[in-house]
Structure formats: C-alpha cells, structure tokens
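Trainee: Mind looking over this structure? Questions follow.
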Amino acid sequence: MSQKKVRVPLPHPAPDNPRRGAWVFVLIGVFLLLLVGGLGFLLVDSVVQGQIVTGNRVGPRRIYTLATEPGRFWFEIVMHGLIALVLAALAVAAFWVSRVLMGTAAKHP
C-alpha cells in the first residue's frame, strides 16, 4: 500500500523587487562610462604627445613614440581604442539591463 505524499508548502519570503537590483546595473554602467572617458582622454593625450605607455602586467612598461616606432605606437592606439569600445558596449548593456529590470522597456505591439 502506498501513501500519497502531499507536499506541504514552506513559508518562503516574498520575492525581492527587481528594481532594487537595477540600480546596481546603473552604477556599473556609470563606472564603465567613467573608465571609457578616462581611456579616451589618455588616447587623445597620447596622440597629441606622440607617445603611449603600455600597461604590461608581465614585464616592464614600454613607451612607444610615434617618431621611433610608429607601427607599435599605432597598434597600441588601436588596441586601446578597441578596449574603450568594448567597455562602452558593456556600459550600454548595463544600462539596458537596468532599464529592463525597472520595467520601463518599450512595449512591443
């Protein structure tokens, strides 16, 4: 003889409001935009001065100048620019997620 097992509902707390988590994404987006602004400033400053300092984590930092090593200089400028674009895309994604969590996303007809 088998007995039917009846699941007893456990007392769970009410789910959190998703708008609380949205502000975290807003802060992340603002932080990423500040990083993009700083990196953009460094890029413009490097082009104006004609030298860029690499941020190697393994070895010593290298300085590439436009006069002595133009190929490496422009490679570093392009790489820093790509990093800035990726960070900007992440900031846009963070703002988009916060907008969805806040419930203000445009409704599709």
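Letters A, B, ... go to the chains of the structure tokens in the order shown; residues in each chain start at 1; ligands are counted from 1 in the same order.
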I need the strand (DSSP E) residues of region 17-83 of chain A per DSSP on the backbone, written as a count of residues only.
Mentor: 6
Trainee: Near Leu33 (chain A), within 8 Å and counting only C-alpha atoms, which residues show up once chain neighbours fewer than 2 positions away are dropped, as number ranges by chain?
Mentor: A: 29-31, 35-37, 87-88, 91
Trainee: Find the residues around region 74-77 of chain A up to 8 Å (only C-alpha atoms counted), leave out those fewer than 6 positions away in its own chain, and share them as a list in words.
Mentor: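 Non-adjacent residues within range: Leu43, Ile52, Thr54 and Leu66 of chain A.
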